[in-house]
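Structure record follows, encoded as structure tokens.
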Amino acid sequence: EPQIDHRTQRIVGLEALVRWKHPQRGFLAPDTFIPQAEEAGLIGPLTLWVLKSALARQASLQQQGLLLNMAVNLSARNLHDLELPASVRRLLKESGVDPKYLTLEITESAVMSNPNDGLTILSELDRMGVKLAIDDFGTGYSSLAYLKRLPLEQLKIDQSFVRDILTDPNDAAIARTVVALAQSLGLSVIAEGVETQEQRD
């Protein structure tokens, strides 16, 4: 999924989105299989597979002269894995991708499910030079106290606020507030699900 700079209209990054190609049901979205992967203890290997695949694609693009950022989602369970930073470091080294071109996205509720280990893991990833983003901001458990402690670079406005931004004054107000909060904290903002010129404006 492309990430576009609203000022230049240029693609500046990509988000890797996993889909399961089911033999009978076709392509399945993550919400249909990620919870089962978490319950079965498979989310760790799945996350590393997605990350390895995304970095390989990114390395290929960079060889073509396209220096794009790649964003990959982490699960709440990933923030219980103290070996995650070492795994990310290894995959970055294998791919040859500079850590500054990788963004790992986490939800607020994922951080709050295990704040101590989560902060340790995210701080180590930050020290490696990996960028960190809060995904679906405003839809889960929000703690501004933790938000200011996290080594973040970016907030993402959930598409549920973007979808009706032209017709729902509350969605418009939330979007404006998130943008203002991010700017005050020195963070960049991504608005998810922008599909029309009017939403972009």
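A note on labels: chains of the structure tokens are A, B, ... as shown, every chain counts residues from 1, and ligands are counted from 1 in their shown order.
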When you look at Gln3 of chain A with a cut-off of 7 Å (counting only C-alpha atoms), what residues show up, excluding the ones that are within fewer than 4 positions of it in the same chain? I need them as a VMD selection string.
chain A and resid 11 to 14
Using only N, CA, C and O atoms, please write the residues we just selected to a file, as a PDB file, in the first residue's frame.
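What ended up in part_7.pdb:
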ATOM      1  N   ILE A  11       5.162   9.209  -3.997  1.00  0.00           N
ATOM      2  CA  ILE A  11       5.170   8.049  -3.098  1.00  0.00           C
ATOM      3  C   ILE A  11       6.482   8.080  -2.327  1.00  0.00           C
ATOM      4  O   ILE A  11       7.567   8.099  -2.930  1.00  0.00           O
ATOM      5  N   VAL A  12       6.379   8.102  -1.001  1.00  0.00           N
ATOM      6  CA  VAL A  12       7.571   8.172  -0.157  1.00  0.00           C
ATOM      7  C   VAL A  12       7.786   6.884   0.632  1.00  0.00           C
ATOM      8  O   VAL A  12       8.836   6.686   1.243  1.00  0.00           O
ATOM      9  N   GLY A  13       6.777   6.022   0.633  1.00  0.00           N
ATOM     10  CA  GLY A  13       6.920   4.784   1.391  1.00  0.00           C
ATOM     11  C   GLY A  13       5.855   3.786   0.995  1.00  0.00           C
ATOM     12  O   GLY A  13       4.942   4.076   0.212  1.00  0.00           O
ATOM     13  N   LEU A  14       5.984   2.605   1.550  1.00  0.00           N
ATOM     14  CA  LEU A  14       5.062   1.504   1.317  1.00  0.00           C
ATOM     15  C   LEU A  14       4.751   0.845   2.648  1.00  0.00           C
ATOM     16  O   LEU A  14       5.592   0.832   3.552  1.00  0.00           O
TER      17      LEU A  14
END
Show me, as a PyMOL selection string, the residues that have an atom within 12 Å of segment 168-175 of chain A when counting only C-alpha atoms, minus same-chain residues fewer than 3 positions from it.
chain A and resi 136-139+155-165+178-182+189-192+199-201
Taking only segment 6-109 of chain A into account, list the residues labelled helix (DSSP H, G or I) by DSSP (computed from the backbone), as an MDAnalysis selection string.
chainID A and resid 30:32 34:39 43:63 76:80 84:95 99:101 108:109
Taking the chain letters and numbering used in this document, name the residues of chain A that DSSP puts in strand (DSSP E or B), as a PyMOL selection string.
chain A and resi 2-4+11-15+20-22+26-28+69-73+102-107+131-137+154-157+188-191
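Coordinates place atom CA of Asp5 of chain A at a distance of 29.6 Å from atom CA of Gly118 of chain A.
Taking only C-alpha atoms into account, Val130 of chain A lies nearest to A:Leu102 out of the set A:Leu187, A:Leu102, A:Ala86, A:Val97.
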With distances taken over only C-alpha atoms, which residue among A:Gly193, A:Ala110, A:Leu17, A:Leu104 lies nearest Glu153 of chain A?
A:Leu104
Can you build me a table of segment 109-178 of chain A residues sitting at most 12 Å from segment 62-70 of chain A, with the closest atom pair per residue and its distance in Å to one decimal, using only C-alpha atoms, sorted by chain and residue number, as a Markdown table?
| residue | atom | partner | partner_atom | distance |
| --- | --- | --- | --- | --- |
| A:Val130 | CA | A:Met70 | CA | 10.5 |
| A:Lys131 | CA | A:Asn69 | CA | 9.6 |
| A:Leu132 | CA | A:Met70 | CA | 11.3 |
| A:Ala133 | CA | A:Met70 | CA | 11.8 |
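Counting only C-alpha atoms, the residue from A:Ser60, A:Ser123, A:Thr107, A:Thr32 that sits nearest to Ser143 of chain A is A:Thr107.
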Judged by only C-alpha atoms, the minimum distance to Arg89 of chain A among A:Ile121, A:Leu55, A:Val18, A:Met128 is found for A:Met128
Spatial neighbours of Ala56 of chain A, 9 Å, only C-alpha atoms, chain gap at least 4 places, as a VMD selection string
chain A and resid 51 to 52 60 to 61 95 to 97
Please dump the current selection as a PDB file, in the first residue's frame; keep all heavy atoms.
ATOM      1  N   LEU A  51       8.325  -9.639   7.576  1.00  0.00           N
ATOM      2  CA  LEU A  51       9.418  -8.676   7.622  1.00  0.00           C
ATOM      3  C   LEU A  51      10.515  -9.042   6.626  1.00  0.00           C
ATOM      4  O   LEU A  51      11.009  -8.188   5.876  1.00  0.00           O
ATOM      5  CB  LEU A  51       9.976  -8.598   9.044  1.00  0.00           C
ATOM      6  CG  LEU A  51      11.037  -7.542   9.321  1.00  0.00           C
ATOM      7  CD1 LEU A  51      10.541  -6.158   8.942  1.00  0.00           C
ATOM      8  CD2 LEU A  51      11.437  -7.584  10.791  1.00  0.00           C
ATOM      9  N   LYS A  52      10.872 -10.322   6.583  1.00  0.00           N
ATOM     10  CA  LYS A  52      11.909 -10.773   5.645  1.00  0.00           C
ATOM     11  C   LYS A  52      11.463 -10.542   4.204  1.00  0.00           C
ATOM     12  O   LYS A  52      12.241 -10.053   3.373  1.00  0.00           O
ATOM     13  CB  LYS A  52      12.209 -12.260   5.877  1.00  0.00           C
ATOM     14  CG  LYS A  52      13.305 -12.797   4.976  1.00  0.00           C
ATOM     15  CD  LYS A  52      13.642 -14.244   5.309  1.00  0.00           C
ATOM     16  CE  LYS A  52      14.771 -14.747   4.430  1.00  0.00           C
ATOM     17  NZ  LYS A  52      15.167 -16.125   4.782  1.00  0.00           N
ATOM     18  N   SER A  60      15.180  -4.864  -3.367  1.00  0.00           N
ATOM     19  CA  SER A  60      15.058  -4.895  -4.825  1.00  0.00           C
ATOM     20  C   SER A  60      14.714  -3.509  -5.375  1.00  0.00           C
ATOM     21  O   SER A  60      15.279  -3.062  -6.378  1.00  0.00           O
ATOM     22  CB  SER A  60      13.976  -5.910  -5.229  1.00  0.00           C
ATOM     23  OG  SER A  60      13.742  -5.879  -6.611  1.00  0.00           O
ATOM     24  N   LEU A  61      13.790  -2.812  -4.709  1.00  0.00           N
ATOM     25  CA  LEU A  61      13.417  -1.466  -5.138  1.00  0.00           C
ATOM     26  C   LEU A  61      14.595  -0.505  -5.000  1.00  0.00           C
ATOM     27  O   LEU A  61      14.820   0.360  -5.862  1.00  0.00           O
ATOM     28  CB  LEU A  61      12.227  -0.961  -4.316  1.00  0.00           C
ATOM     29  CG  LEU A  61      10.887  -1.649  -4.593  1.00  0.00           C
ATOM     30  CD1 LEU A  61       9.853  -1.234  -3.551  1.00  0.00           C
ATOM     31  CD2 LEU A  61      10.393  -1.331  -5.988  1.00  0.00           C
ATOM     32  N   SER A  95      19.341  -8.358   4.486  1.00  0.00           N
ATOM     33  CA  SER A  95      18.742  -7.690   3.329  1.00  0.00           C
ATOM     34  C   SER A  95      19.609  -6.562   2.790  1.00  0.00           C
ATOM     35  O   SER A  95      19.482  -6.183   1.624  1.00  0.00           O
ATOM     36  CB  SER A  95      17.365  -7.125   3.705  1.00  0.00           C
ATOM     37  OG  SER A  95      17.511  -6.032   4.607  1.00  0.00           O
ATOM     38  N   GLY A  96      20.449  -6.002   3.659  1.00  0.00           N
ATOM     39  CA  GLY A  96      21.250  -4.852   3.260  1.00  0.00           C
ATOM     40  C   GLY A  96      20.497  -3.535   3.322  1.00  0.00           C
ATOM     41  O   GLY A  96      20.989  -2.500   2.882  1.00  0.00           O
ATOM     42  N   VAL A  97      19.282  -3.552   3.890  1.00  0.00           N
ATOM     43  CA  VAL A  97      18.474  -2.334   4.000  1.00  0.00           C
ATOM     44  C   VAL A  97      18.913  -1.545   5.238  1.00  0.00           C
ATOM     45  O   VAL A  97      19.065  -2.109   6.324  1.00  0.00           O
ATOM     46  CB  VAL A  97      16.971  -2.677   4.086  1.00  0.00           C
ATOM     47  CG1 VAL A  97      16.140  -1.433   4.390  1.00  0.00           C
ATOM     48  CG2 VAL A  97      16.495  -3.322   2.787  1.00  0.00           C
TER      49      VAL A  97
END
Name all residues at most 7 Å from segment 75-83 of chain A (count only C-alpha atoms; drop same-chain ones fewer than 6 positions away) and give them as a list of chain:residue names.
A:Glu38, A:Gly44, A:Ile106, A:Ala110, A:Val111, A:Ser113, A:Asn114, A:Asp117, A:Gly118, A:Ile121
